[in-house]
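Chemist: Dropping a structure here in structure tokens format, bear with me for questions.
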Amino acid sequence: MLDEEVIVRDARSIAWTIPLAFPVTAERAKELRPGQTVALVNEKNELVGDLAVTRRLRWDKAALRPLRLRHRAVLGPPPAGAWLEKDPSTHLVGGEVRVLPQPKHPEYGQFILSPPQTRTTFRDRG
């Protein structure tokens, strides 16, 4: 429920201000089916994880316009948020994402922690 900024799981609303979905063209959306697992690659075409497809839906870009003002840090401030209008994608694909361990940045790697590492650090430091 994008307008309420929640996801519903087991009849409970859970705060979720940044939906995770992957924009695809209409042609690609036709190829993707629930139950299928597809590779996720970065801009260098390197494998970074996979997506177990559970949903595909038409992308209502007009519904995102009011949210752009509230979520500037995610969608980018105008005119940077204009990418939304220019993007050729017409559908969104979602599902369970599995992310592969990423290589550490050579200069800042010791400062970049995974969510489990972050939770451990918070617990250890009180």
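By order in the structure tokens, chains are A, B, ...; within a chain, residues start at 1; ligands start at 1, following the order shown.
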Near segment 44-55 of chain A, counting only C-alpha atoms, which residues have an atom at most 9 Å away, once you skip same-chain residues fewer than 4 positions from it, shown as a VMD selection string?
Modeler: chain A and resid 32 to 40 92 to 102
Chemist: How many Å lie between atom CA of Thr90 of chain A and atom CA of Phe22 of chain A, rounded to one decimal?
Modeler: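 Those two atoms sit 10.6 Å apart.
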Chemist: For segment 27-29 of chain A, find every residue with an atom within 7 Å (counting only C-alpha atoms), except residues of its own chain fewer than 2 positions away, and show them as number ranges by chain.
Modeler: A: 24-25, 31-32, 56, 91
Chemist: How about saving the chosen residues, C-alpha atoms kept, as a PDB file, in the first residue's frame?
Modeler:
ATOM      1  CA  VAL A  24      11.458  -3.453 -16.179  1.00  0.00           C
ATOM      2  CA  THR A  25      10.124  -2.873 -19.655  1.00  0.00           C
ATOM      3  CA  GLU A  31       9.285 -12.989 -19.702  1.00  0.00           C
ATOM      4  CA  LEU A  32       9.264 -12.979 -15.889  1.00  0.00           C
ATOM      5  CA  ARG A  56       4.976  -8.255 -11.345  1.00  0.00           C
ATOM      6  CA  HIS A  91       6.318  -2.606 -14.901  1.00  0.00           C
TER       7      HIS A  91
END
Chemist: Can you work out the spacing between atom CA of Phe122 of chain A and atom CA of Lys104 of chain A in Å, to one decimal?
Modeler: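 Atom CA of Phe122 of chain A sits 20.4 Å away from atom CA of Lys104 of chain A.
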Chemist: In Å, rounded to a single decimal, give me how far atom CA of Gln110 of chain A is from atom CA of Asp124 of chain A.
Modeler: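 Value for the atom CA of Asp124 of chain A-atom CA of Gln110 of chain A distance: 16.6 Å.
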